[in-house]
Every structure is written in structure tokens, then in C-alpha cells.
file target-v2.csv (CSV, C-alpha atoms and all ligand atoms)
chain,number,residue,atom,x,y,z
A,5,MET,CA,26.3,-26.0,-43.9
A,6,ALA,CA,24.2,-25.1,-46.9
A,7,ARG,CA,20.9,-23.9,-48.1
A,8,VAL,CA,18.9,-26.9,-49.2
A,9,ARG,CA,16.0,-26.8,-51.7
A,10,LEU,CA,13.4,-29.2,-52.9
A,11,ALA,CA,11.6,-28.2,-56.0
A,12,GLU,CA,8.3,-30.0,-56.8
A,13,VAL,CA,9.5,-33.3,-55.6
A,14,SER,CA,7.2,-36.3,-56.1
A,15,LYS,CA,7.6,-39.8,-54.9
A,16,THR,CA,5.3,-42.7,-55.4
A,17,TYR,CA,5.6,-46.2,-54.0
A,18,ARG,CA,3.7,-49.2,-55.1
A,19,ARG,CA,1.7,-51.4,-52.8
A,20,GLY,CA,0.9,-54.4,-55.0
A,21,THR,CA,-0.5,-52.6,-58.1
A,22,ALA,CA,-1.8,-49.6,-56.2
A,23,PRO,CA,0.2,-46.4,-56.1
A,24,VAL,CA,1.0,-44.8,-52.8
A,25,PHE,CA,1.6,-41.1,-53.2
A,26,ALA,CA,4.2,-40.3,-50.5
A,27,LEU,CA,5.2,-36.8,-51.8
A,28,ARG,CA,3.2,-34.7,-54.1
A,29,GLU,CA,5.1,-31.9,-55.9
A,30,LEU,CA,6.5,-30.8,-52.6
A,31,SER,CA,8.7,-27.7,-52.6
A,32,LEU,CA,10.7,-26.5,-49.6
A,33,ASP,CA,13.5,-24.1,-49.1
A,34,ILE,CA,15.6,-24.4,-46.0
A,35,ALA,CA,17.8,-21.4,-45.4
A,36,GLU,CA,21.5,-21.9,-44.5
A,37,GLY,CA,21.6,-22.3,-40.7
A,38,GLU,CA,17.9,-22.7,-40.3
A,39,LEU,CA,16.2,-25.3,-38.1
A,40,LEU,CA,13.0,-26.2,-40.0
A,41,ALA,CA,10.6,-28.6,-38.3
A,42,VAL,CA,8.3,-30.8,-40.4
A,43,VAL,CA,5.3,-32.1,-38.6
A,44,GLY,CA,2.4,-34.2,-39.7
A,45,PRO,CA,0.5,-37.4,-38.9
A,46,SER,CA,2.0,-40.8,-39.3
A,47,GLY,CA,2.2,-41.8,-43.0
A,48,CYS,CA,2.1,-38.3,-44.4
A,49,GLY,CA,5.5,-38.6,-46.1
A,50,LYS,CA,8.0,-37.2,-43.5
A,51,THR,CA,10.5,-40.1,-43.7
A,52,THR,CA,10.3,-40.2,-47.5
A,53,LEU,CA,11.1,-36.4,-47.5
A,54,LEU,CA,14.2,-36.9,-45.4
A,55,ARG,CA,15.3,-40.0,-47.4
A,56,THR,CA,14.9,-38.1,-50.6
A,57,VAL,CA,17.1,-35.3,-49.3
A,58,ALA,CA,19.7,-37.8,-48.1
A,59,GLY,CA,19.7,-39.6,-51.4
A,60,LEU,CA,18.3,-42.9,-50.0
A,61,GLU,CA,15.2,-42.5,-52.3
A,62,ARG,CA,15.2,-41.2,-55.8
A,63,PRO,CA,12.3,-38.8,-56.6
A,64,ASP,CA,10.0,-39.6,-59.5
A,65,SER,CA,10.2,-36.0,-60.5
A,66,GLY,CA,11.5,-32.7,-59.1
A,67,ARG,CA,15.0,-31.6,-58.0
A,68,VAL,CA,17.0,-31.5,-54.8
A,69,SER,CA,19.9,-29.1,-54.4
A,70,PHE,CA,22.5,-28.3,-51.7
A,71,GLY,CA,23.7,-24.8,-52.1
A,72,GLU,CA,24.2,-24.2,-55.8
A,73,ARG,CA,24.7,-27.9,-56.5
A,74,ASP,CA,21.9,-30.1,-57.9
A,75,VAL,CA,22.3,-33.4,-56.0
A,76,THR,CA,19.2,-35.2,-57.4
A,77,GLU,CA,21.3,-37.8,-59.2
A,78,LEU,CA,24.0,-38.2,-56.5
A,79,PRO,CA,24.2,-41.3,-54.3
A,80,PRO,CA,24.0,-40.8,-50.5
A,81,GLU,CA,27.7,-41.1,-49.9
A,82,ARG,CA,28.4,-38.2,-52.3
A,83,ARG,CA,26.1,-35.8,-50.4
A,84,ALA,CA,27.0,-34.5,-47.0
A,85,ALA,CA,23.7,-35.2,-45.2
A,86,GLY,CA,23.9,-36.3,-41.5
A,87,TYR,CA,20.9,-38.6,-41.0
A,88,VAL,CA,19.7,-39.5,-37.5
A,89,PHE,CA,17.0,-42.2,-37.3
A,90,GLN,CA,14.0,-42.5,-35.0
A,91,ARG,CA,15.7,-45.4,-33.1
A,92,PRO,CA,19.4,-44.9,-32.4
A,93,ALA,CA,20.6,-47.2,-35.2
A,94,LEU,CA,24.1,-48.0,-34.0
A,95,TYR,CA,26.3,-50.9,-35.0
A,96,PRO,CA,26.1,-53.3,-32.0
A,97,HIS,CA,29.5,-54.9,-32.7
A,98,LEU,CA,31.4,-51.6,-33.0
A,99,SER,CA,32.6,-49.4,-30.2
A,100,ILE,CA,31.0,-46.0,-29.6
A,101,TYR,CA,34.2,-44.5,-31.1
A,102,ASP,CA,34.0,-46.6,-34.3
A,103,ASN,CA,30.2,-45.9,-34.6
A,104,ILE,CA,30.9,-42.1,-34.6
A,105,ALA,CA,33.8,-42.7,-37.0
A,106,PHE,CA,31.7,-44.7,-39.3
A,107,GLY,CA,30.5,-42.0,-41.7
A,108,LEU,CA,33.9,-40.5,-41.9
A,109,ARG,CA,35.5,-43.8,-42.9
A,110,ALA,CA,32.7,-44.5,-45.4
A,111,ARG,CA,33.6,-41.1,-47.0
A,112,ARG,CA,37.3,-42.0,-47.0
A,113,THR,CA,38.3,-39.2,-44.7
A,114,GLU,CA,42.0,-38.9,-44.1
A,115,ARG,CA,43.1,-41.0,-41.1
A,116,SER,CA,44.7,-38.1,-39.3
A,117,LYS,CA,41.5,-36.1,-39.4
A,118,ILE,CA,39.2,-38.9,-38.1
A,119,ASP,CA,40.4,-38.9,-34.5
A,120,SER,CA,40.0,-35.2,-34.0
A,121,ARG,CA,36.6,-35.1,-35.7
A,122,VAL,CA,35.3,-38.1,-33.6
A,123,ARG,CA,36.4,-36.5,-30.4
A,124,ALA,CA,35.1,-33.1,-31.3
A,125,ALA,CA,31.7,-34.5,-32.3
A,126,ALA,CA,31.5,-36.6,-29.1
A,127,ALA,CA,32.4,-33.5,-27.0
A,128,ARG,CA,29.8,-31.4,-28.7
A,129,MET,CA,27.1,-34.0,-28.1
A,130,ARG,CA,28.3,-34.5,-24.5
A,131,VAL,CA,29.2,-38.1,-25.0
A,132,ASP,CA,31.8,-38.8,-22.3
A,133,GLU,CA,35.3,-39.8,-23.4
A,134,GLY,CA,34.9,-42.7,-21.0
A,135,LEU,CA,32.1,-44.2,-23.2
A,136,LEU,CA,34.0,-44.2,-26.4
A,137,GLU,CA,35.4,-47.7,-25.9
A,138,GLN,CA,32.1,-49.2,-24.9
A,139,ARG,CA,29.5,-51.0,-27.0
A,140,PRO,CA,26.1,-49.5,-27.7
A,141,ARG,CA,24.3,-52.0,-25.5
A,142,GLU,CA,26.4,-50.9,-22.5
A,143,ILE,CA,25.0,-47.3,-22.6
A,144,SER,CA,21.6,-45.8,-22.1
A,145,GLY,CA,19.0,-45.1,-24.8
A,146,GLY,CA,19.6,-41.3,-24.4
A,147,GLN,CA,23.3,-41.8,-24.7
A,148,GLN,CA,22.8,-43.9,-27.8
A,149,GLN,CA,20.9,-41.2,-29.4
A,150,ARG,CA,23.6,-38.7,-28.6
A,151,VAL,CA,26.1,-41.0,-30.2
A,152,ALA,CA,23.9,-41.2,-33.3
A,153,LEU,CA,23.8,-37.4,-33.4
A,154,ALA,CA,27.6,-37.3,-32.9
A,155,ARG,CA,28.0,-39.7,-35.9
A,156,ALA,CA,25.9,-37.4,-38.1
A,157,LEU,CA,27.7,-34.3,-36.8
A,158,ALA,CA,31.2,-35.8,-37.4
A,159,ILE,CA,30.9,-35.8,-41.2
A,160,ASP,CA,30.5,-32.0,-41.0
A,161,PRO,CA,27.2,-32.2,-42.9
A,162,ASP,CA,25.6,-29.7,-45.3
A,163,ILE,CA,22.4,-30.6,-43.6
A,164,PHE,CA,21.3,-32.4,-40.5
A,165,LEU,CA,18.3,-34.7,-41.1
A,166,LEU,CA,16.6,-35.7,-37.9
A,167,ASP,CA,13.8,-38.3,-38.2
A,168,GLU,CA,11.8,-38.2,-35.0
A,169,PRO,CA,15.1,-38.6,-33.1
A,170,LEU,CA,13.4,-38.1,-29.7
A,171,SER,CA,10.3,-40.3,-30.0
A,172,GLY,CA,12.0,-43.5,-28.9
A,173,LEU,CA,13.0,-41.9,-25.6
A,174,ASP,CA,11.0,-41.5,-22.3
A,175,ALA,CA,9.4,-38.2,-21.6
A,176,GLN,CA,12.2,-36.8,-19.3
A,177,LEU,CA,15.0,-37.7,-21.7
A,178,ARG,CA,13.0,-36.4,-24.6
A,179,ALA,CA,12.7,-33.0,-22.9
A,180,GLU,CA,16.4,-33.0,-22.0
A,181,LEU,CA,17.6,-33.9,-25.5
A,182,ARG,CA,15.2,-31.4,-27.0
A,183,VAL,CA,16.9,-28.6,-25.1
A,184,GLU,CA,20.3,-30.1,-26.1
A,185,LEU,CA,19.3,-30.1,-29.8
A,186,ALA,CA,18.4,-26.4,-29.5
A,187,ARG,CA,21.7,-25.7,-27.8
A,188,ILE,CA,23.7,-27.5,-30.6
A,189,HIS,CA,21.8,-25.7,-33.3
A,190,ASN,CA,22.4,-22.3,-31.7
A,191,ALA,CA,26.1,-23.1,-31.2
A,192,ILE,CA,26.9,-24.4,-34.7
A,193,GLY,CA,24.1,-22.9,-36.8
A,194,SER,CA,23.5,-26.2,-38.5
A,195,THR,CA,21.0,-26.3,-41.4
A,196,THR,CA,18.5,-28.8,-40.0
A,197,LEU,CA,15.4,-30.6,-41.1
A,198,PHE,CA,13.7,-31.9,-38.0
A,199,VAL,CA,10.8,-34.3,-38.5
A,200,THR,CA,8.3,-35.2,-35.9
A,201,HIS,CA,4.6,-36.2,-35.5
A,202,ASP,CA,4.5,-34.2,-32.3
A,203,GLN,CA,3.3,-30.7,-32.9
A,204,SER,CA,4.5,-29.3,-29.5
A,205,GLU,CA,8.0,-30.6,-30.3
A,206,ALA,CA,7.8,-28.9,-33.8
A,207,LEU,CA,6.6,-25.6,-32.3
A,208,SER,CA,9.2,-25.5,-29.6
A,209,LEU,CA,12.2,-26.4,-31.8
A,210,GLY,CA,11.4,-25.1,-35.3
A,211,GLU,CA,12.3,-21.6,-36.4
A,212,ARG,CA,9.8,-22.3,-39.1
A,213,VAL,CA,7.4,-25.2,-39.2
A,214,ALA,CA,6.0,-27.0,-42.2
A,215,VAL,CA,2.7,-28.8,-41.6
A,216,VAL,CA,2.5,-31.8,-43.9
A,217,ASN,CA,-0.5,-33.9,-44.7
A,218,ASP,CA,-0.8,-36.6,-47.4
A,219,GLY,CA,2.4,-35.7,-49.1
A,220,ARG,CA,1.8,-32.0,-49.3
A,221,ILE,CA,2.7,-28.9,-47.2
A,222,GLU,CA,-0.5,-27.5,-45.8
A,223,GLN,CA,1.2,-24.5,-44.3
A,224,LEU,CA,4.7,-23.2,-43.7
A,225,GLY,CA,5.4,-20.5,-41.2
A,226,THR,CA,6.7,-19.5,-37.8
A,227,PRO,CA,5.1,-21.3,-34.9
A,228,ARG,CA,3.3,-18.1,-34.1
A,229,GLU,CA,1.9,-17.7,-37.6
A,230,LEU,CA,0.6,-21.3,-37.6
A,231,TYR,CA,-1.0,-20.8,-34.2
A,232,ASP,CA,-2.5,-17.4,-34.9
A,233,ALA,CA,-3.6,-17.8,-38.5
A,234,PRO,CA,-4.0,-21.5,-39.6
A,235,VAL,CA,-4.8,-21.5,-43.3
A,236,ASN,CA,-7.3,-24.4,-43.0
A,237,THR,CA,-9.1,-26.6,-40.6
A,238,PHE,CA,-6.4,-29.3,-40.8
A,239,VAL,CA,-3.7,-27.0,-39.5
A,240,ALA,CA,-6.2,-25.4,-37.0
A,241,GLY,CA,-7.0,-28.8,-35.5
A,242,PHE,CA,-3.4,-30.1,-35.6
A,243,ILE,CA,-1.4,-27.2,-34.1
A,244,GLY,CA,-1.9,-26.2,-30.5
A,245,THR,CA,-2.6,-28.0,-27.2
A,246,PRO,CA,-5.5,-28.6,-26.7
A,247,PRO,CA,-6.5,-28.4,-30.4
A,248,MET,CA,-8.7,-25.6,-31.5
A,249,ALA,CA,-12.4,-26.4,-31.2
A,250,LEU,CA,-14.1,-26.5,-34.6
A,251,LEU,CA,-17.9,-25.9,-34.8
A,252,ASN,CA,-20.0,-26.5,-37.8
A,253,GLY,CA,-22.6,-23.8,-38.7
A,254,SER,CA,-23.4,-21.0,-41.0
A,255,ILE,CA,-22.7,-17.3,-41.4
A,256,GLY,CA,-25.4,-14.9,-42.5
A,257,ASP,CA,-26.3,-11.3,-41.5
A,258,GLY,CA,-22.9,-10.9,-39.8
A,259,ARG,CA,-23.5,-13.8,-37.4
A,260,PHE,CA,-22.2,-17.3,-37.0
A,261,VAL,CA,-24.9,-19.7,-35.9
A,262,ALA,CA,-24.0,-23.2,-34.8
A,263,GLU,CA,-25.6,-26.0,-36.8
A,264,GLY,CA,-27.0,-27.8,-33.7
A,265,GLY,CA,-28.1,-24.5,-32.0
A,266,GLY,CA,-27.3,-23.1,-28.6
A,267,LEU,CA,-24.5,-20.9,-29.9
A,268,ALA,CA,-24.4,-17.7,-32.0
A,269,PHE,CA,-22.1,-14.7,-32.1
A,270,ALA,CA,-21.1,-11.8,-34.3
A,271,SER,CA,-18.8,-12.8,-37.2
A,272,GLY,CA,-18.4,-9.6,-39.2
A,273,ALA,CA,-20.5,-8.8,-42.2
A,274,GLN,CA,-19.6,-11.6,-44.5
A,275,ALA,CA,-22.4,-13.9,-45.7
A,276,LEU,CA,-20.8,-17.2,-46.3
A,277,GLY,CA,-23.4,-19.8,-46.0
A,278,ALA,CA,-21.9,-23.0,-44.5
A,279,ALA,CA,-19.0,-22.2,-42.3
A,280,ILE,CA,-16.8,-23.6,-39.5
A,281,ALA,CA,-15.9,-21.5,-36.5
A,282,GLY,CA,-12.7,-22.2,-34.6
A,283,LEU,CA,-12.1,-21.2,-30.9
A,284,ARG,CA,-9.0,-21.7,-28.9
A,285,ALA,CA,-9.3,-22.7,-25.2
A,286,GLU,CA,-7.9,-19.3,-24.0
A,287,ASP,CA,-10.8,-17.6,-25.8
A,288,VAL,CA,-13.5,-19.6,-24.0
A,289,VAL,CA,-14.1,-18.8,-20.3
A,290,LEU,CA,-16.5,-20.1,-17.6
A,291,ASP,CA,-18.9,-17.3,-16.7
A,292,PRO,CA,-22.3,-17.6,-15.1
A,293,THR,CA,-23.5,-14.7,-17.3
A,294,GLY,CA,-22.2,-16.3,-20.5
A,295,GLY,CA,-24.7,-17.0,-23.2
A,296,VAL,CA,-23.6,-20.5,-24.2
A,297,ARG,CA,-24.8,-23.4,-22.0
A,298,GLY,CA,-23.2,-26.9,-21.9
A,299,VAL,CA,-22.3,-29.8,-19.8
A,300,VAL,CA,-18.8,-30.5,-18.5
A,301,ARG,CA,-17.5,-33.7,-20.1
A,302,VAL,CA,-13.9,-33.8,-18.8
A,303,VAL,CA,-11.7,-31.7,-16.6
A,304,GLU,CA,-8.0,-31.8,-17.3
A,305,ASP,CA,-6.0,-30.1,-14.5
A,306,ILE,CA,-2.3,-30.1,-15.4
A,307,GLY,CA,-1.2,-27.7,-12.7
A,308,SER,CA,-0.1,-24.8,-14.9
A,309,ASP,CA,-3.5,-24.8,-16.6
A,310,CYS,CA,-6.8,-26.4,-16.2
A,311,TYR,CA,-8.9,-27.3,-19.3
A,312,VAL,CA,-12.6,-27.9,-19.1
A,313,TYR,CA,-14.2,-29.8,-22.0
A,314,VAL,CA,-17.8,-28.9,-22.5
A,315,GLY,CA,-20.4,-30.4,-24.8
A,316,GLY,CA,-23.7,-29.0,-26.0
A,317,PRO,CA,-26.0,-28.9,-29.0
A,318,PHE,CA,-23.4,-26.8,-30.9
A,319,GLY,CA,-20.7,-29.5,-30.5
A,320,ALA,CA,-17.7,-29.4,-28.2
A,321,LEU,CA,-15.7,-26.5,-26.8
A,322,VAL,CA,-12.7,-26.3,-24.4
A,323,ALA,CA,-12.3,-23.6,-21.8
A,324,ARG,CA,-9.1,-22.7,-20.1
A,325,LEU,CA,-9.4,-21.7,-16.5
A,326,ARG,CA,-7.3,-19.1,-14.6
A,327,PRO,CA,-5.1,-20.6,-11.9
A,328,ASP,CA,-7.3,-19.1,-9.2
A,329,GLU,CA,-10.6,-20.6,-10.6
A,330,THR,CA,-12.0,-23.7,-9.0
A,331,PRO,CA,-12.7,-26.3,-11.7
A,332,PRO,CA,-16.2,-27.6,-12.1
A,333,HIS,CA,-17.0,-31.3,-11.9
A,334,ALA,CA,-17.8,-33.6,-14.9
A,335,GLY,CA,-21.5,-33.7,-15.5
A,336,GLU,CA,-22.1,-30.2,-14.2
A,337,SER,CA,-24.0,-27.6,-16.3
A,338,VAL,CA,-21.9,-24.5,-17.0
A,339,ASN,CA,-22.2,-21.2,-18.9
A,340,LEU,CA,-19.4,-20.1,-21.2
A,341,ARG,CA,-18.5,-16.7,-22.6
A,342,LEU,CA,-16.6,-16.6,-25.9
A,343,ALA,CA,-14.1,-14.0,-27.1
A,344,ALA,CA,-16.0,-13.9,-30.4
A,345,ALA,CA,-13.7,-11.3,-31.8
A,346,ARG,CA,-10.8,-13.8,-31.7
A,347,ALA,CA,-12.7,-16.6,-33.4
A,348,HIS,CA,-11.3,-18.1,-36.6
A,349,PHE,CA,-13.6,-18.7,-39.6
A,350,PHE,CA,-13.3,-21.3,-42.3
A,351,ASP,CA,-15.6,-21.9,-45.3
A,352,GLY,CA,-17.4,-25.1,-46.0
A,353,ALA,CA,-14.3,-26.5,-47.7
A,354,GLY,CA,-12.2,-25.8,-44.5
A,355,LEU,CA,-10.3,-22.8,-45.9
A,356,ARG,CA,-9.6,-19.8,-43.8
A,357,ARG,CA,-11.8,-16.7,-44.5
B,1,LIG,P1,5.9,-40.8,-42.2
B,1,LIG,O1,7.4,-40.8,-42.0
B,1,LIG,O2,5.3,-39.4,-42.3
B,1,LIG,O3,5.2,-41.7,-41.3
B,1,LIG,P2,6.5,-42.2,-44.7
B,1,LIG,O4,7.3,-41.3,-45.5
B,1,LIG,O5,7.2,-43.3,-44.0
B,1,LIG,O6,5.6,-41.4,-43.7
B,1,LIG,O7,5.4,-42.9,-45.6
B,1,LIG,C1,4.6,-42.2,-46.5
B,1,LIG,C2,3.7,-43.1,-47.2
B,1,LIG,O8,4.4,-44.0,-48.1
B,1,LIG,C3,2.9,-44.1,-46.3
B,1,LIG,O9,1.7,-44.3,-46.8
B,1,LIG,C4,3.8,-45.3,-46.3
B,1,LIG,O10,3.0,-46.4,-46.0
B,1,LIG,C5,4.3,-45.3,-47.7
B,1,LIG,N1,5.6,-46.0,-47.8
B,1,LIG,C6,6.7,-45.6,-47.2
B,1,LIG,N2,7.8,-46.4,-47.6
B,1,LIG,C7,7.3,-47.3,-48.5
B,1,LIG,C8,7.8,-48.4,-49.2
B,1,LIG,N3,9.1,-48.7,-49.2
B,1,LIG,N4,6.9,-49.1,-50.0
B,1,LIG,C9,5.6,-48.8,-50.1
B,1,LIG,N5,5.0,-47.8,-49.4
B,1,LIG,C10,5.8,-47.0,-48.6
B,2,MG,MG,8.5,-41.7,-40.5
call {"tool": "encode", "arguments": {"input": "target-v2.csv", "output": "C-alpha cells", "more": "lines below"}}
Ligand code: ADP
Ligand code: MG
result
Amino acid sequence: MARVRLAEVSKTYRRGTAPVFALRELSLDIAEGELLAVVGPSGCGKTTLLRTVAGLERPDSGRVSFGERDVTELPPERRAAGYVFQRPALYPHLSIYDNIAFGLRARRTERSKIDSRVRAAAARMRVDEGLLEQRPREISGGQQQRVALARALAIDPDIFLLDEPLSGLDAQLRAELRVELARIHNAIGSTTLFVTHDQSEALSLGERVAVVNDGRIEQLGTPRELYDAPVNTFVAGFIGTPPMALLNGSIGDGRFVAEGGGLAFASGAQALGAAIAGLRAEDVVLDPTGGVRGVVRVVEDIGSDCYVYVGGPFGALVARLRPDETPPHAGESVNLRLAAARAHFFDGAGLRR
């Protein structure tokens, strides 16, 4: 396992004559043994990032290094990157055993070592011995993805590159394999770049999380840092379930006033002019004495929590109810109380203040 670094990596594709900027001078430093999650919307450059680390794409500029070694010019087979794709991409005509052995053979590993490595990787990923002689189509989707992980693990990679490895699975298997990935990571301390478009998956698995948008890192931090102090409205709206409510307005005389009216609260002394206030659901409560009035649009009762989506002239807010509170009905008028001291503020350009 190794520390892996990207330094100002850019990658542009062409669509016809138009350039597509997939990575824009992106720098990232993954510590040895770290599990770093990369999250961002579809098309933001996540797969390109992994393919560039693996050597499947060559960057237009910038460097990639594994440990002290600059690997930018090396072909994929000369870097030890264990790549796992979104869909378990197994060779259908090969046995499970031969699928796991594939990367080892491609790297011309000594024959005597192949068998022990295949069996060790299979055991680690909890692929039953009994499955090794079967074909991919004879085993379940979850088992196939375990095999793909075992294949990546078998080559004893410097880094694990996981490209949305859970998104092709149904919800229950996804939850199960997510725990499994955390277990493996804890057991072997693998340097891992885990890519997903699912922010809850990124927060639960990543020791640090990079939020990527349009080929750039918007913010890199621990899950708690991203949640507590998003640097801009993109991160604020992307991280957290439900997303932070963002209200347009202005700040003057130490107060935030919503653009549409019906909501104002103390914001500290700063006079900013145009501003955006962010409020998380846990900082908004239903309270008949609360000063903000709105109409319930949707009630989302998921058992552990109940979220109430409320609309008003100010825009939209979400309140989280305590387990003992009775939820209101859609269409009902309600009063809200805001924990104003916990509000987040962004300037007109969306940057945190
Ligand atoms: P993600 O994995 O985050 O969905 P990708 O890295 O696959 O994003 O793609 C980033 C951008 O580059 C997208 O706009 C995508 O359409 C474009 N892109 C990816 N691969 C190619 C390619 N081979 N040719 C042209 N454009 C591409
Ligand atoms: Mg992708």
C-alpha cells in the first residue's frame, strides 16, 4: 500500500470539436492506508479521476505518483492499482478462480504464488471455496461484486480504486457490502479511493471526503467538517439528508431578512447585502409560538425521524420532529422556530461567510 498523489491533473475529452473538461487542475493527496471517498454528481469527473490513477487515461497535464514513484507515464499493468468497476465486470467464460487470478497472470506473477494469493483474496472477501469453480452467471450479483473485489485485492495493490462498486446492487446488499468494505479496510489498511454519487455512502465510508463538481474539488474534509462547515452552497446543498434548506435574502443591521418576506432573524453584525441563509432540518422545529409561518407541503415519516417540508413566502424549509411529536398533515398551516444561532451564511456568490 502506498500514499498516492495527484498534482494539478487536467483531462479534457473532445465531443466533436467541443472540449469536455473532465478534470481541472485537480490535486489530491491520499495518505497511506486512508480510505478517501470522492463524491459528486454524475458527469463531474469521478471515473476519469480513477482511470487516471489507474493509468487507463493519460492526463493532459499534471502528475500522478504512488509513494515516491512518479507513475504518470507508466501503463496500467506497470502500476499496482486494483480497479473495481460499477458493474461487476467479470469474464463470463472464465471460472471464478480464473477471474480472481486474472490480474496476477496479467502481471506475470510466479505460478506458485498465484494459488495462495487467489485463495487468500477469496477468503478475505468471503467468496466461498465452493464457488471458485463456478462461472459468473451462476452466482448472485452481490457475490460477483465480491469476486471483483477479490480480483483487485489479489494483486496486492498500492491502491484500491472503487468506482461506485455498490450502486448496481439492491439496497439490502448495498448496505451489507458497505459494512464489508469498511471491515476489509480496517483489517488490511488499504489505501483506497472510493467513488460514489451517493453522499450518504461517502459520509459513512470515507475517513475524508472530497466533494467534486465539474472537474474540481469543492471541499475536502472529514464527514463532520463537510456537514458542520460547508464552504459554499454547492457543498451545503449536496451533503446531508435531507439537504440543507437555502434561503435567498439579505443581511443588514445584524439581521438576515428573507427575500420573499415572512422570515427574519439575527445574523451577527455583518452587513453583507445579498446573502443566502442555510438551515438544517434539526435546527428547525414545529412550535405554535414560533415566528415563521408556512404551509406543510410534504411529510416524510421514516420511523427513526420524521421530516416536515414547509413552504412560505421565504422559500422552503424542512423541520425534523422528535419521535414523540405527532406529525401535521400536508396542507396544514404551521409555525416554525429556528435555531438562528446555528444558521449558515453564504454571500451572494454562494461562498461561506
Ligand atoms: P462521472 O464518473 O463523475 O460520472 P466521468 O469521469 O465519467 O464522470 O465524466 C466526466 C465528463 O467527461 C462527463 O462530461 C463525460 O460525459 C465526459 N467523458 C467521459 N469520458 C469521455 C470520453 N471517453 N469521451 C468524451 N467525453 C467523455
Ligand atoms: Mg462514473
call {"tool": "closest_residue", "arguments": {"input": "target-v2.csv", "among": "A:Leu165, A:Ala6, A:Val239, A:Ala285", "to": "Gly225 of chain A", "atoms": "all atoms listed in the file"}}
result
A:Val239
call {"tool": "closest_residue", "arguments": {"input": "target-v2.csv", "among": "A:Gln203, A:Thr196, A:Val312, A:Leu209", "to": "Arg182 of chain A", "atoms": "all atoms listed in the file"}}
result
A:Leu209
call {"tool": "closest_residue", "arguments": {"input": "target-v2.csv", "among": "A:Leu340, A:Ala353, A:Ala158, A:Val235", "to": "Thr113 of chain A", "atoms": "all atoms listed in the file"}}
result
A:Ala158
call {"tool": "closest_residue", "arguments": {"input": "target-v2.csv", "among": "A:Gln138, A:Thr195, A:Ser308, A:Gln148", "to": "Pro169 of chain A", "atoms": "all atoms listed in the file"}}
result
A:Gln148
call {"tool": "residues_around", "arguments": {"input": "target-v2.csv", "residues": "Arg73 of chain A", "least_positions_apart": "2", "cutoff": "12 Å", "atoms": "only C-alpha atoms", "output": "number ranges by chain"}}
result
A: 6-10, 67-71, 75-78, 82-84, 162
call {"tool": "closest_residue", "arguments": {"input": "target-v2.csv", "among": "A:Val24, A:Ala175, A:Ala125, A:Leu325", "to": "ligand LIG 1 (chain B)", "atoms": "all atoms listed in the file"}}
result
A:Val24
call {"tool": "residues_near_ligand", "arguments": {"input": "target-v2.csv", "ligand": "ligand MG 2 (chain B)", "cutoff": "12 Å", "atoms": "only C-alpha atoms and all ligand atoms", "output": "ChimeraX atom specification"}}
result
/A:26,42-55,88-91,166-169,171,198-202
call {"tool": "closest_residue", "arguments": {"input": "target-v2.csv", "among": "A:Ala249, A:Pro327, A:Gly66, A:Asp218", "to": "ligand LIG 1 (chain B)", "atoms": "only C-alpha atoms and all ligand atoms"}}
result
A:Asp218
call {"tool": "residues_around", "arguments": {"input": "target-v2.csv", "residues": "Pro332 of chain A", "least_positions_apart": "3", "cutoff": "8 Å", "atoms": "all atoms listed in the file", "output": "list in words"}}
result
Val300, Val303, Val312 and Glu336 of chain A
call {"tool": "atom_distance", "arguments": {"input": "target-v2.csv", "atom1": "atom CA of His333 of chain A", "atom2": "atom CA of Asp309 of chain A"}}
result
15.7 Å
call {"tool": "atom_distance", "arguments": {"input": "target-v2.csv", "atom1": "atom CA of Ala152 of chain A", "atom2": "atom CA of Pro92 of chain A"}}
result
5.9 Å
call {"tool": "atom_distance", "arguments": {"input": "target-v2.csv", "atom1": "atom CA of Gly258 of chain A", "atom2": "atom CA of Ala343 of chain A"}}
result
15.8 Å
call {"tool": "residues_around", "arguments": {"input": "target-v2.csv", "residues": "Leu276 of chain A", "least_positions_apart": "5", "cutoff": "9 Å", "atoms": "all atoms listed in the file", "output": "list in words"}}
result
Ser254, Ile255, Gly256, Asp351 and Gly352 of chain A
call {"tool": "write_last_selection", "arguments": {"input": "target-v2.csv", "atoms": "C-alpha atoms", "output": "JSON list (two decimals), in the frame of the given file"}}
result
[["chain", "number", "residue", "atom", "x", "y", "z"],
["A", 254, "SER", "CA", -23.40, -21.00, -41.00],
["A", 255, "ILE", "CA", -22.70, -17.30, -41.40],
["A", 256, "GLY", "CA", -25.40, -14.90, -42.50],
["A", 351, "ASP", "CA", -15.60, -21.90, -45.30],
["A", 352, "GLY", "CA", -17.40, -25.10, -46.00]]
call {"tool": "residues_around", "arguments": {"input": "target-v2.csv", "residues": "Arg123 of chain A", "least_positions_apart": "4", "cutoff": "10 Å", "atoms": "only C-alpha atoms", "output": "list in words"}}
result
Tyr101, Ile104, Ala105, Ile118, Asp119, Ala127, Arg128, Met129, Val131, Asp132, Glu133, Leu136, Ala154 and Ala158 of chain A
call {"tool": "residues_around", "arguments": {"input": "target-v2.csv", "residues": "Val261 of chain A", "least_positions_apart": "2", "cutoff": "12 Å", "atoms": "all atoms listed in the file", "output": "PyMOL selection string"}}
result
chain A and resi 251-259+263-271+275-281+296+317-319+344+349
